[in-house]
$ cat protein39.pdb   # PDB, C-alpha atoms and all ligand atoms
ATOM      1  CA  MET A   8       8.724  15.456   3.538
ATOM      2  CA  LYS A   9       6.497  13.854   0.925
ATOM      3  CA  LEU A  10       7.410  12.734  -2.596
ATOM      4  CA  CYS A  11       5.041  11.913  -5.434
ATOM      5  CA  ARG A  12       4.921  11.052  -9.121
ATOM      6  CA  PHE A  13       2.567  13.005 -11.325
ATOM      7  CA  GLU A  14       1.628  13.633 -14.932
ATOM      8  CA  ASN A  15       1.764  17.300 -15.929
ATOM      9  CA  SER A  16      -0.486  19.086 -18.424
ATOM     10  CA  GLN A  17       1.883  18.035 -21.259
ATOM     11  CA  LYS A  18       1.390  14.383 -20.194
ATOM     12  CA  ARG A  19       4.971  14.158 -18.962
ATOM     13  CA  VAL A  20       5.636  11.953 -15.938
ATOM     14  CA  CYS A  21       7.439  14.019 -13.268
ATOM     15  CA  VAL A  22       8.629  13.743  -9.665
ATOM     16  CA  GLY A  23       7.204  16.161  -7.101
ATOM     17  CA  LEU A  24       7.959  17.283  -3.557
ATOM     18  CA  ALA A  25       4.900  18.398  -1.583
ATOM     19  CA  LEU A  26       5.287  21.906  -0.124
ATOM     20  CA  ASP A  27       1.848  21.892   1.519
ATOM     21  CA  ASP A  28      -1.572  20.264   1.005
ATOM     22  CA  GLN A  29      -2.072  22.017  -2.326
ATOM     23  CA  THR A  30       1.334  22.701  -3.853
ATOM     24  CA  ILE A  31       4.150  20.568  -5.210
ATOM     25  CA  LEU A  32       7.608  21.459  -6.425
ATOM     26  CA  ASP A  33       8.547  19.923  -9.788
ATOM     27  CA  LEU A  34      11.852  18.141  -9.077
ATOM     28  CA  THR A  35      12.084  16.985 -12.698
ATOM     29  CA  ALA A  36      13.047  20.562 -13.571
ATOM     30  CA  ALA A  37      16.185  20.060 -11.436
ATOM     31  CA  GLY A  38      17.160  16.950 -13.408
ATOM     32  CA  VAL A  39      15.620  14.331 -11.073
ATOM     33  CA  GLU A  40      14.948  11.498 -13.522
ATOM     34  CA  GLY A  41      12.693   9.331 -11.410
ATOM     35  CA  ILE A  42      11.598   8.625  -7.878
ATOM     36  CA  ASN A  43      13.773   5.480  -7.684
ATOM     37  CA  SER A  44      16.986   7.423  -8.253
ATOM     38  CA  LEU A  45      16.087   9.581  -5.241
ATOM     39  CA  LEU A  46      15.232   6.585  -3.055
ATOM     40  CA  GLU A  47      18.619   5.030  -3.832
ATOM     41  CA  ASP A  48      20.462   8.201  -2.769
ATOM     42  CA  GLY A  49      22.227   7.686   0.578
ATOM     43  CA  ASP A  50      21.937  11.447   1.225
ATOM     44  CA  LEU A  51      18.238  11.684   0.435
ATOM     45  CA  MET A  52      17.167  14.097   3.180
ATOM     46  CA  PRO A  53      19.936  16.716   2.650
ATOM     47  CA  ARG A  54      19.347  16.431  -1.105
ATOM     48  CA  LEU A  55      15.615  17.078  -0.701
ATOM     49  CA  THR A  56      16.299  19.996   1.651
ATOM     50  CA  ASP A  57      18.584  21.451  -1.007
ATOM     51  CA  LEU A  58      16.043  20.860  -3.808
ATOM     52  CA  ALA A  59      13.286  22.475  -1.715
ATOM     53  CA  GLN A  60      15.311  25.691  -1.589
ATOM     54  CA  GLN A  61      15.839  25.868  -5.352
ATOM     55  CA  ASN A  62      13.726  28.063  -7.574
ATOM     56  CA  LEU A  63      11.789  25.222  -9.238
ATOM     57  CA  PRO A  64       8.319  25.338 -10.813
ATOM     58  CA  ARG A  65       5.511  25.187  -8.245
ATOM     59  CA  LEU A  66       2.354  23.417  -9.356
ATOM     60  CA  SER A  67      -1.060  23.221  -7.813
ATOM     61  CA  LEU A  68      -2.242  19.656  -7.136
ATOM     62  CA  SER A  69      -5.427  20.564  -9.023
ATOM     63  CA  GLU A  70      -3.476  20.987 -12.291
ATOM     64  CA  VAL A  71      -1.659  17.625 -12.213
ATOM     65  CA  THR A  72      -2.681  13.962 -12.150
ATOM     66  CA  LEU A  73      -1.119  12.073  -9.259
ATOM     67  CA  LEU A  74       0.287   8.657 -10.206
ATOM     68  CA  THR A  75       1.320   5.739  -8.061
ATOM     69  CA  PRO A  76       4.823   6.357  -6.660
ATOM     70  CA  VAL A  77       5.683   2.732  -7.516
ATOM     71  CA  GLU A  78       8.020   3.104 -10.463
ATOM     72  CA  LYS A  79       9.986  -0.125 -10.896
ATOM     73  CA  GLN A  80       9.629  -1.920  -7.546
ATOM     74  CA  GLU A  81       7.992  -5.298  -7.123
ATOM     75  CA  VAL A  82       5.189  -5.110  -4.562
ATOM     76  CA  TRP A  83       5.088  -7.727  -1.789
ATOM     77  CA  ALA A  84       2.790  -8.039   1.208
ATOM     78  CA  ALA A  85       3.004  -9.320   4.769
ATOM     79  CA  GLY A  86      -0.110 -10.911   6.266
ATOM     80  CA  VAL A  87      -1.589 -11.765   9.650
ATOM     81  CA  THR A  88       0.465  -9.069  11.345
ATOM     82  CA  TYR A  89      -2.467  -7.671  13.370
ATOM     83  CA  LEU A  90      -4.515  -9.702  15.861
ATOM     84  CA  ARG A  91      -7.666  -8.507  14.048
ATOM     85  CA  SER A  92      -6.446 -10.040  10.779
ATOM     86  CA  LYS A  93      -5.550 -13.348  12.433
ATOM     87  CA  LYS A  94      -9.042 -13.634  13.990
ATOM     88  CA  ALA A  95     -10.817 -12.779  10.715
ATOM     89  CA  ARG A  96      -8.830 -15.358   8.699
ATOM     90  CA  MET A  97      -9.432 -18.057  11.314
ATOM     91  CA  GLU A  98     -13.179 -17.379  11.165
ATOM     92  CA  GLU A  99     -13.390 -17.382   7.351
ATOM     93  CA  SER A 100     -11.330 -20.537   6.889
ATOM     94  CA  VAL A 101     -12.496 -23.775   8.476
ATOM     95  CA  SER A 102      -9.786 -25.956   6.944
ATOM     96  CA  SER A 103      -6.799 -23.631   7.544
ATOM     97  CA  ALA A 104      -7.591 -21.828  10.802
ATOM     98  CA  SER A 105      -4.531 -23.306  12.515
ATOM     99  CA  ALA A 106      -2.234 -22.082   9.707
ATOM    100  CA  TYR A 107      -3.175 -18.466  10.497
ATOM    101  CA  ASP A 108      -2.905 -19.062  14.227
ATOM    102  CA  ARG A 109       0.578 -20.565  13.837
ATOM    103  CA  VAL A 110       1.933 -17.929  11.433
ATOM    104  CA  TYR A 111       0.899 -15.121  13.797
ATOM    105  CA  GLU A 112       3.125 -16.645  16.512
ATOM    106  CA  ALA A 113       5.898 -18.077  14.329
ATOM    107  CA  GLU A 114       9.315 -16.503  13.873
ATOM    108  CA  ARG A 115       8.885 -16.429  10.080
ATOM    109  CA  PRO A 116       6.095 -14.075   8.954
ATOM    110  CA  GLU A 117       3.679 -14.640   6.099
ATOM    111  CA  ILE A 118       5.017 -12.755   3.067
ATOM    112  CA  PHE A 119       3.535 -13.071  -0.393
ATOM    113  CA  PHE A 120       4.005 -11.529  -3.830
ATOM    114  CA  LYS A 121       1.326  -8.947  -4.619
ATOM    115  CA  SER A 122       1.988  -7.017  -7.840
ATOM    116  CA  LEU A 123       4.309  -6.153 -10.667
ATOM    117  CA  PRO A 124       4.993  -2.402 -10.695
ATOM    118  CA  GLU A 125       3.259  -1.850 -14.032
ATOM    119  CA  LYS A 126       0.047  -3.393 -12.691
ATOM    120  CA  VAL A 127      -0.227  -1.139  -9.622
ATOM    121  CA  VAL A 128      -3.344   1.069  -9.642
ATOM    122  CA  SER A 129      -2.807   4.821  -9.252
ATOM    123  CA  PRO A 130      -4.825   7.024  -6.869
ATOM    124  CA  GLY A 131      -8.249   7.863  -8.280
ATOM    125  CA  GLN A 132      -8.151   4.911 -10.682
ATOM    126  CA  PRO A 133     -10.456   1.920 -10.138
ATOM    127  CA  VAL A 134      -9.523  -1.072  -8.018
ATOM    128  CA  GLY A 135     -11.074  -4.409  -8.983
ATOM    129  CA  ILE A 136     -13.354  -7.018  -7.469
ATOM    130  CA  ARG A 137     -13.211 -10.463  -9.105
ATOM    131  CA  ARG A 138     -16.270 -11.521 -11.091
ATOM    132  CA  ASP A 139     -15.914 -15.074  -9.756
ATOM    133  CA  ALA A 140     -15.837 -14.021  -6.087
ATOM    134  CA  ARG A 141     -18.815 -13.131  -3.920
ATOM    135  CA  TRP A 142     -17.048 -11.701  -0.825
ATOM    136  CA  ASN A 143     -14.602  -8.903  -1.621
ATOM    137  CA  VAL A 144     -12.963  -6.405   0.712
ATOM    138  CA  PRO A 145     -10.308  -3.706   0.652
ATOM    139  CA  GLU A 146      -7.335  -4.075   2.991
ATOM    140  CA  PRO A 147      -5.962  -0.671   4.067
ATOM    141  CA  GLU A 148      -2.262  -1.038   4.788
ATOM    142  CA  LEU A 149       0.845   0.964   5.548
ATOM    143  CA  ALA A 150       3.449   0.121   2.889
ATOM    144  CA  LEU A 151       7.207   0.280   3.468
ATOM    145  CA  VAL A 152       9.247   1.734   0.615
ATOM    146  CA  ILE A 153      12.595  -0.053   0.585
ATOM    147  CA  ASN A 154      15.663   0.677  -1.534
ATOM    148  CA  SER A 155      17.909  -1.939  -3.165
ATOM    149  CA  HIS A 156      20.090  -2.080  -0.026
ATOM    150  CA  GLY A 157      17.133  -3.165   2.081
ATOM    151  CA  GLN A 158      16.822   0.219   3.810
ATOM    152  CA  ILE A 159      13.350   1.555   4.627
ATOM    153  CA  VAL A 160      13.436   4.959   2.965
ATOM    154  CA  GLY A 161       9.763   5.880   3.107
ATOM    155  CA  TYR A 162       6.156   4.993   3.800
ATOM    156  CA  THR A 163       3.126   5.022   1.557
ATOM    157  CA  ILE A 164      -0.519   3.847   1.521
ATOM    158  CA  ALA A 165      -1.722   0.621  -0.086
ATOM    159  CA  ASN A 166      -4.930  -1.259  -0.719
ATOM    160  CA  ASP A 167      -4.437  -5.037  -0.738
ATOM    161  CA  MET A 168      -7.768  -5.930  -2.393
ATOM    162  CA  SER A 169      -8.814  -9.454  -1.414
ATOM    163  CA  SER A 170     -11.512 -12.056  -2.140
ATOM    164  CA  ARG A 171     -12.313 -13.580   1.228
ATOM    165  CA  ASP A 172     -14.480 -16.451  -0.049
ATOM    166  CA  ILE A 173     -11.699 -17.702  -2.340
ATOM    167  CA  GLU A 174      -9.041 -17.293   0.362
ATOM    168  CA  GLY A 175     -11.288 -18.996   2.951
ATOM    169  CA  GLU A 176     -12.170 -21.983   0.754
ATOM    170  CA  ASN A 177      -8.621 -23.295   0.604
ATOM    171  CA  VAL A 178      -5.361 -21.677   1.734
ATOM    172  CA  LEU A 179      -3.748 -22.778  -1.553
ATOM    173  CA  TYR A 180      -6.110 -20.387  -3.347
ATOM    174  CA  LEU A 181      -4.436 -17.387  -1.681
ATOM    175  CA  PRO A 182      -2.672 -16.163  -4.879
ATOM    176  CA  GLN A 183      -6.018 -16.118  -6.711
ATOM    177  CA  ALA A 184      -7.677 -14.259  -3.827
ATOM    178  CA  LYS A 185      -4.905 -11.671  -3.802
ATOM    179  CA  ILE A 186      -3.464 -11.279  -7.310
ATOM    180  CA  TYR A 187      -5.707 -10.342 -10.212
ATOM    181  CA  ASP A 188      -6.276  -7.252 -12.353
ATOM    182  CA  ARG A 189      -6.453  -4.011 -10.333
ATOM    183  CA  SER A 190      -6.021  -5.775  -6.983
ATOM    184  CA  CYS A 191      -3.288  -3.451  -5.689
ATOM    185  CA  ALA A 192      -3.446   0.335  -5.382
ATOM    186  CA  VAL A 193      -0.554   2.370  -3.934
ATOM    187  CA  GLY A 194       0.006   6.067  -3.316
ATOM    188  CA  PRO A 195      -0.179   8.939  -3.785
ATOM    189  CA  PHE A 196       2.633  10.149  -1.476
ATOM    190  CA  ILE A 197       5.789   8.618  -0.035
ATOM    191  CA  THR A 198       6.608  10.144   3.347
ATOM    192  CA  VAL A 199      10.384  10.162   3.800
ATOM    193  CA  GLY A 200      12.487  10.951   6.857
ATOM    194  CA  ALA A 201      10.110   9.406   9.439
ATOM    195  CA  SER A 202      11.387   6.856  11.954
ATOM    196  CA  GLU A 203       9.629   3.554  12.656
ATOM    197  CA  GLN A 204       8.686   4.929  16.075
ATOM    198  CA  GLU A 205       6.988   7.902  14.441
ATOM    199  CA  ALA A 206       5.217   5.733  11.844
ATOM    200  CA  ARG A 207       3.906   3.516  14.643
ATOM    201  CA  SER A 208       2.022   6.495  16.084
ATOM    202  CA  TRP A 209       0.048   6.995  12.852
ATOM    203  CA  THR A 210      -3.651   6.142  12.528
ATOM    204  CA  ILE A 211      -5.053   4.198   9.570
ATOM    205  CA  THR A 212      -8.662   4.847   8.588
ATOM    206  CA  LEU A 213     -10.923   3.144   6.060
ATOM    207  CA  GLN A 214     -14.121   4.655   4.732
ATOM    208  CA  ILE A 215     -16.311   2.981   2.104
ATOM    209  CA  GLN A 216     -18.978   5.004   0.374
ATOM    210  CA  ARG A 217     -21.922   3.731  -1.667
ATOM    211  CA  ASN A 218     -24.181   6.131  -3.577
ATOM    212  CA  GLY A 219     -22.668   9.020  -1.621
ATOM    213  CA  GLU A 220     -23.313   7.435   1.798
ATOM    214  CA  SER A 221     -20.832   5.845   4.169
ATOM    215  CA  VAL A 222     -21.445   2.068   4.420
ATOM    216  CA  PHE A 223     -18.352   1.224   6.473
ATOM    217  CA  GLN A 224     -15.850   3.118   8.596
ATOM    218  CA  GLY A 225     -12.980   1.646  10.548
ATOM    219  CA  GLU A 226      -9.801   2.737  12.258
ATOM    220  CA  THR A 227      -6.632   1.198  13.651
ATOM    221  CA  SER A 228      -3.153   2.250  14.691
ATOM    222  CA  VAL A 229       0.081   1.287  12.933
ATOM    223  CA  GLY A 230       1.381   0.566  16.457
ATOM    224  CA  GLN A 231      -0.843  -2.554  16.549
ATOM    225  CA  ILE A 232       1.436  -4.349  14.051
ATOM    226  CA  LYS A 233       2.951  -7.290  15.923
ATOM    227  CA  ARG A 234       6.322  -7.357  14.169
ATOM    228  CA  SER A 235       8.982  -4.686  13.714
ATOM    229  CA  PHE A 236       9.407  -3.249  10.228
ATOM    230  CA  GLN A 237      13.048  -4.433  10.167
ATOM    231  CA  GLU A 238      11.907  -7.958  10.927
ATOM    232  CA  LEU A 239       9.506  -7.938   7.951
ATOM    233  CA  VAL A 240      12.074  -6.405   5.591
ATOM    234  CA  GLY A 241      14.746  -8.820   6.839
ATOM    235  CA  PHE A 242      12.605 -11.799   5.835
ATOM    236  CA  LEU A 243      11.700 -10.266   2.460
ATOM    237  CA  PHE A 244      15.367  -9.724   1.618
ATOM    238  CA  ARG A 245      16.485 -13.204   2.807
ATOM    239  CA  SER A 246      17.962 -15.046  -0.191
ATOM    240  CA  GLN A 247      16.371 -12.513  -2.524
ATOM    241  CA  THR A 248      17.726  -9.342  -4.153
ATOM    242  CA  PHE A 249      15.707  -6.373  -5.360
ATOM    243  CA  PRO A 250      17.807  -4.302  -7.788
ATOM    244  CA  ASN A 251      14.993  -1.734  -8.014
ATOM    245  CA  GLY A 252      14.034  -1.884  -4.363
ATOM    246  CA  ALA A 253      10.669  -3.157  -3.166
ATOM    247  CA  VAL A 254       7.397  -2.026  -1.638
ATOM    248  CA  LEU A 255       6.165  -4.153   1.280
ATOM    249  CA  LEU A 256       2.579  -3.927   2.518
ATOM    250  CA  THR A 257       2.482  -4.490   6.281
ATOM    251  CA  GLY A 258      -0.918  -6.183   6.659
ATOM    252  CA  THR A 259      -4.400  -5.063   7.566
ATOM    253  CA  GLY A 260      -5.829  -4.292  10.974
ATOM    254  CA  ILE A 261      -9.262  -3.220   9.710
ATOM    255  CA  VAL A 262     -11.709  -5.908   8.616
ATOM    256  CA  PRO A 263     -15.331  -5.013   7.756
ATOM    257  CA  PRO A 264     -18.044  -7.273   9.252
ATOM    258  CA  ASP A 265     -18.561 -10.662   7.576
ATOM    259  CA  THR A 266     -21.866  -9.454   6.097
ATOM    260  CA  PHE A 267     -20.045  -6.758   4.102
ATOM    261  CA  THR A 268     -18.839  -7.123   0.525
ATOM    262  CA  LEU A 269     -17.739  -4.433  -1.910
ATOM    263  CA  GLN A 270     -19.907  -3.542  -4.899
ATOM    264  CA  GLU A 271     -19.131  -1.907  -8.216
ATOM    265  CA  GLN A 272     -19.078   1.897  -7.927
ATOM    266  CA  ASP A 273     -18.247   1.904  -4.224
ATOM    267  CA  LEU A 274     -15.546   4.406  -3.288
ATOM    268  CA  VAL A 275     -12.739   3.160  -1.020
ATOM    269  CA  GLU A 276     -10.855   5.841   0.920
ATOM    270  CA  ILE A 277      -7.815   4.914   2.991
ATOM    271  CA  GLY A 278      -6.165   7.536   5.186
ATOM    272  CA  ILE A 279      -2.875   7.303   7.072
ATOM    273  CA  SER A 280      -2.262  10.279   9.336
ATOM    274  CA  GLY A 281       1.418  10.819   8.442
ATOM    275  CA  ILE A 282       0.930  10.339   4.710
ATOM    276  CA  GLY A 283      -2.430  11.342   3.191
ATOM    277  CA  THR A 284      -5.379   9.647   1.489
ATOM    278  CA  LEU A 285      -5.653   6.981  -1.200
ATOM    279  CA  ALA A 286      -9.122   7.012  -2.788
ATOM    280  CA  CYS A 287     -10.223   4.627  -5.560
ATOM    281  CA  PRO A 288     -13.609   3.643  -7.014
ATOM    282  CA  VAL A 289     -14.447  -0.049  -7.469
ATOM    283  CA  ILE A 290     -15.134  -1.947 -10.701
ATOM    284  CA  SER A 291     -15.654  -5.627 -11.579
ATOM    285  CA  VAL A 292     -12.792  -7.316 -13.390
TER     286      VAL A 292
HETATM  287  O1  LIG A 301      -3.157 -14.802   4.779
HETATM  288  C1  LIG A 301      -3.871 -14.071   4.204
HETATM  289  C2  LIG A 301      -3.629 -12.692   3.863
HETATM  290  C3  LIG A 301      -3.334 -11.808   5.023
HETATM  291  C4  LIG A 301      -3.312 -10.366   4.679
HETATM  292  O2  LIG A 301      -3.278  -9.940   3.545
HETATM  293  C5  LIG A 301      -3.322  -9.382   5.783
HETATM  294  O3  LIG A 301      -3.311  -9.758   6.952
HETATM  295  O4  LIG A 301      -3.333  -8.192   5.481
HETATM  296 MG    MG A 302      -3.372  -7.726   3.415
END
$ encode --input "protein39.pdb" --output "structure tokens" --more "lines below"
Ligand code: DO4
Ligand code: MG
Amino acid sequence: MKLCRFENSQKRVCVGLALDDQTILDLTAAGVEGINSLLEDGDLMPRLTDLAQQNLPRLSLSEVTLLTPVEKQEVWAAGVTYLRSKKARMEESVSSASAYDRVYEAERPEIFFKSLPEKVVSPGQPVGIRRDARWNVPEPELALVINSHGQIVGYTIANDMSSRDIEGENVLYLPQAKIYDRSCAVGPFITVGASEQEARSWTITLQIQRNGESVFQGETSVGQIKRSFQELVGFLFRSQTFPNGAVLLTGTGIVPPDTFTLQEQDLVEIGISGIGTLACPVISV
């Protein structure tokens, strides 16, 4: 089952349950106040099954605007979880290559803060490339949706936009390479009720278009992630509480060639087979 947040024609923010590729059920009409209240519900799946059988308004996706499903959660990100990511970071960073090598093998994963919820970019809205960076890439990532008890309650799609020249110059510049206006897009759907084993069978694709033509395509499998999801969530929740839950990006396994950098007006499309597609144009910020 897939949940979403959307704005209806009266500009009201609502919660939806996807019935198929074109239709959503408006759960707000049944008194569902927000997506977070659902994610906190210990009986989420039976509740959604019950809601799906109610006579609620059905809306076509073409008549609503999909929003990011991130309502109040902080967004965090794990890094160097795929071999491909470790190799790329070691190549871009002369001074810190060993840091990436060591974190890939270490017990403690790399986890960093990515975005406040109110700064997350919605599907269809522009993601940003920094004006002071010359090498910018999208990072297509599976994101874990976690409730306040540390339970993984769903999966969504994220773009961890990154400036590789800033990150590669000095590892202490990582927050500037990763956190700036429009650097994090998430959505549109949260797939609930899938096990980790199922999610690990999903394929992640990245397509970048420029002037209507594809300039990069890549693909990986969620199963290539080195660490278990529980392991990543366990470290995120160590000595830290999340009263509104959290969203944790699980790292990238697709890295465009070193000659590639994003340009304004490119279109970045990220697909995850069990979830859907997150598409955003690119602007300079
Ligand atoms: O250490 C740098 C960032 C790693 C990252 O974002 C990733 O592997 O996806
Ligand atoms: Mg990343």
$ residues_near_ligand --input "protein39.pdb" --ligand "ligand LIG 301 (chain A)" --cutoff "6 Å" --atoms "all atoms listed in the file" --output "list of chain:residue names"
A:Gly86, A:Val87, A:Thr88, A:Ser92, A:Gly258, A:Thr259
$ write_last_selection --input "protein39.pdb" --atoms "C-alpha atoms" --output "PDB file, in the frame of the given file"
ATOM      1  CA  GLY A  86      -0.110 -10.911   6.266  1.00  0.00           C
ATOM      2  CA  VAL A  87      -1.589 -11.765   9.650  1.00  0.00           C
ATOM      3  CA  THR A  88       0.465  -9.069  11.345  1.00  0.00           C
ATOM      4  CA  SER A  92      -6.446 -10.040  10.779  1.00  0.00           C
ATOM      5  CA  GLY A 258      -0.918  -6.183   6.659  1.00  0.00           C
ATOM      6  CA  THR A 259      -4.400  -5.063   7.566  1.00  0.00           C
TER       7      THR A 259
END
$ residues_near_ligand --input "protein39.pdb" --ligand "ligand MG 302 (chain A)" --cutoff "9 Å" --atoms "only C-alpha atoms and all ligand atoms" --output "MDAnalysis selection string"
chainID A and resid 84:88 92 145:148 166:169 185 256:260
$ closest_residue --input "protein39.pdb" --among "A:Gln272, A:Ser208, A:Ser202, A:Ser280" --to "A:Val134" --atoms "all atoms listed in the file"
A:Gln272
$ closest_residue --input "protein39.pdb" --among "A:Gly241, A:Ser69, A:Thr284, A:Met8" --to "A:Arg115" --atoms "all atoms listed in the file"
A:Gly241
$ closest_residue --input "protein39.pdb" --among "A:Gly23, A:Gly41, A:Gly131, A:Pro195" --to "A:Gly283" --atoms "only C-alpha atoms"
A:Pro195
$ atom_distance --input "protein39.pdb" --atom1 "atom CA of A:Gln270" --atom2 "atom CA of A:Pro182"
21.4 Å
$ resolve_selection --input "protein39.pdb" --expression "the PyMOL selection byres (((chain A and resi 248) around 12) and not hetatm)" --output "number ranges by chain"
A: 80-81, 153-157, 240-247, 249-253
$ closest_residue --input "protein39.pdb" --among "A:Cys191, A:Ile261, A:Val292, A:Ala37" --to "A:Arg91" --atoms "all atoms listed in the file"
A:Ile261
$ atom_distance --input "protein39.pdb" --atom1 "atom CA of A:Leu55" --atom2 "atom CA of A:Val22"
11.8 Å
$ closest_residue --input "protein39.pdb" --among "A:Val199, A:Ala192, A:Met52, A:Cys11" --to "A:Leu32" --atoms "all atoms listed in the file"
A:Cys11
$ axis_aligned_box --input "protein39.pdb" --around "stretch 98-112 of chain A" --padding-each-side "4 Å" --output "lines of an AutoDock Vina configuration file"
center_x = -5.1
center_y = -20.5
center_z = 11.7
size_x = 24.5
size_y = 18.8
size_z = 17.6
$ residues_around --input "protein39.pdb" --residues "A:Gly219" --least-positions-apart "3" --cutoff "10 Å" --atoms "all atoms listed in the file" --output "MDAnalysis selection string"
chainID A and resid 215:216 222 273:274
$ residues_around --input "protein39.pdb" --residues "A:Phe267" --least-positions-apart "2" --cutoff "8 Å" --atoms "all atoms listed in the file" --output "PDB file with C-alpha atoms, keeping the file's coordinate frame"
ATOM      1  CA  TRP A 142     -17.048 -11.701  -0.825  1.00  0.00           C
ATOM      2  CA  VAL A 144     -12.963  -6.405   0.712  1.00  0.00           C
ATOM      3  CA  PRO A 263     -15.331  -5.013   7.756  1.00  0.00           C
ATOM      4  CA  PRO A 264     -18.044  -7.273   9.252  1.00  0.00           C
ATOM      5  CA  ASP A 265     -18.561 -10.662   7.576  1.00  0.00           C
ATOM      6  CA  LEU A 269     -17.739  -4.433  -1.910  1.00  0.00           C
TER       7      LEU A 269
END
$ atom_distance --input "protein39.pdb" --atom1 "atom CA of A:Phe236" --atom2 "atom CA of A:Glu203"
7.2 Å
$ closest_residue --input "protein39.pdb" --among "A:Arg138, A:Gly161, A:Leu90, A:Trp209" --to "A:Ile232" --atoms "only C-alpha atoms"
A:Leu90
$ resolve_selection --input "protein39.pdb" --expression "the PyMOL selection byres (((chain A and resi 286) around 8) and not hetatm)" --output "list in words"
Pro130, Gly131, Leu274, Val275, Glu276, Ile277, Thr284, Leu285, Cys287 and Pro288 of chain A
$ write_last_selection --input "protein39.pdb" --atoms "C-alpha atoms" --output "PDB file, keeping the file's coordinate frame"
ATOM      1  CA  PRO A 130      -4.825   7.024  -6.869  1.00  0.00           C
ATOM      2  CA  GLY A 131      -8.249   7.863  -8.280  1.00  0.00           C
ATOM      3  CA  LEU A 274     -15.546   4.406  -3.288  1.00  0.00           C
ATOM      4  CA  VAL A 275     -12.739   3.160  -1.020  1.00  0.00           C
ATOM      5  CA  GLU A 276     -10.855   5.841   0.920  1.00  0.00           C
ATOM      6  CA  ILE A 277      -7.815   4.914   2.991  1.00  0.00           C
ATOM      7  CA  THR A 284      -5.379   9.647   1.489  1.00  0.00           C
ATOM      8  CA  LEU A 285      -5.653   6.981  -1.200  1.00  0.00           C
ATOM      9  CA  CYS A 287     -10.223   4.627  -5.560  1.00  0.00           C
ATOM     10  CA  PRO A 288     -13.609   3.643  -7.014  1.00  0.00           C
TER      11      PRO A 288
END
$ resolve_selection --input "protein39.pdb" --expression "the PyMOL selection byres (((chain A and resi 152) around 6) and not hetatm)" --output "ChimeraX atom specification"
/A:151,153,159-162,254
$ residues_around --input "protein39.pdb" --residues "stretch 99-111 of chain A" --least-positions-apart "6" --cutoff "8 Å" --atoms "all atoms listed in the file" --output "list in words"
Val87, Thr88, Leu90, Lys93, Glu117, Arg171, Asp172, Glu174, Gly175, Glu176, Asn177 and Val178 of chain A
$ residues_near_point --input "protein39.pdb" --point "(-2.5, 23.1, -6.1)" --cutoff "10 Å" --atoms "only C-alpha atoms" --output "MDAnalysis selection string"
chainID A and resid 25:31 65:71
$ write_last_selection --input "protein39.pdb" --atoms "C-alpha atoms" --output "PDB file, keeping the file's coordinate frame"
ATOM      1  CA  ALA A  25       4.900  18.398  -1.583  1.00  0.00           C
ATOM      2  CA  LEU A  26       5.287  21.906  -0.124  1.00  0.00           C
ATOM      3  CA  ASP A  27       1.848  21.892   1.519  1.00  0.00           C
ATOM      4  CA  ASP A  28      -1.572  20.264   1.005  1.00  0.00           C
ATOM      5  CA  GLN A  29      -2.072  22.017  -2.326  1.00  0.00           C
ATOM      6  CA  THR A  30       1.334  22.701  -3.853  1.00  0.00           C
ATOM      7  CA  ILE A  31       4.150  20.568  -5.210  1.00  0.00           C
ATOM      8  CA  ARG A  65       5.511  25.187  -8.245  1.00  0.00           C
ATOM      9  CA  LEU A  66       2.354  23.417  -9.356  1.00  0.00           C
ATOM     10  CA  SER A  67      -1.060  23.221  -7.813  1.00  0.00           C
ATOM     11  CA  LEU A  68      -2.242  19.656  -7.136  1.00  0.00           C
ATOM     12  CA  SER A  69      -5.427  20.564  -9.023  1.00  0.00           C
ATOM     13  CA  GLU A  70      -3.476  20.987 -12.291  1.00  0.00           C
ATOM     14  CA  VAL A  71      -1.659  17.625 -12.213  1.00  0.00           C
TER      15      VAL A  71
END
$ decode --input "protein39.pdb" --residues "stretch 18-38 of chain A" --atoms "C-alpha atoms" --output "short mmCIF file (atom, residue, chain, number, x, y, z; two decimals), in the first residue's frame"
data_model
loop_
_atom_site.label_atom_id
_atom_site.label_comp_id
_atom_site.auth_asym_id
_atom_site.auth_seq_id
_atom_site.Cartn_x
_atom_site.Cartn_y
_atom_site.Cartn_z
CA LYS A 18 -5.42 24.21 -1.63
CA ARG A 19 -6.04 21.99 1.38
CA VAL A 20 -3.25 19.62 2.40
CA CYS A 21 -4.65 16.06 2.57
CA VAL A 22 -3.48 12.48 3.08
CA GLY A 23 -4.07 9.97 0.29
CA LEU A 24 -3.97 6.20 -0.19
CA ALA A 25 -3.09 5.11 -3.73
CA LEU A 26 -5.67 2.72 -5.22
CA ASP A 27 -3.82 2.35 -8.53
CA ASP A 28 -1.40 4.35 -10.71
CA GLN A 29 -3.98 7.07 -11.32
CA THR A 30 -6.35 7.18 -8.36
CA ILE A 31 -6.04 8.06 -4.69
CA LEU A 32 -8.49 7.81 -1.84
CA ASP A 33 -8.78 10.97 0.28
CA LEU A 34 -8.17 9.73 3.84
CA THR A 35 -8.63 13.25 5.22
CA ALA A 36 -12.36 12.78 4.63
CA ALA A 37 -12.24 9.96 7.22
CA GLY A 38 -10.67 12.26 9.82
#
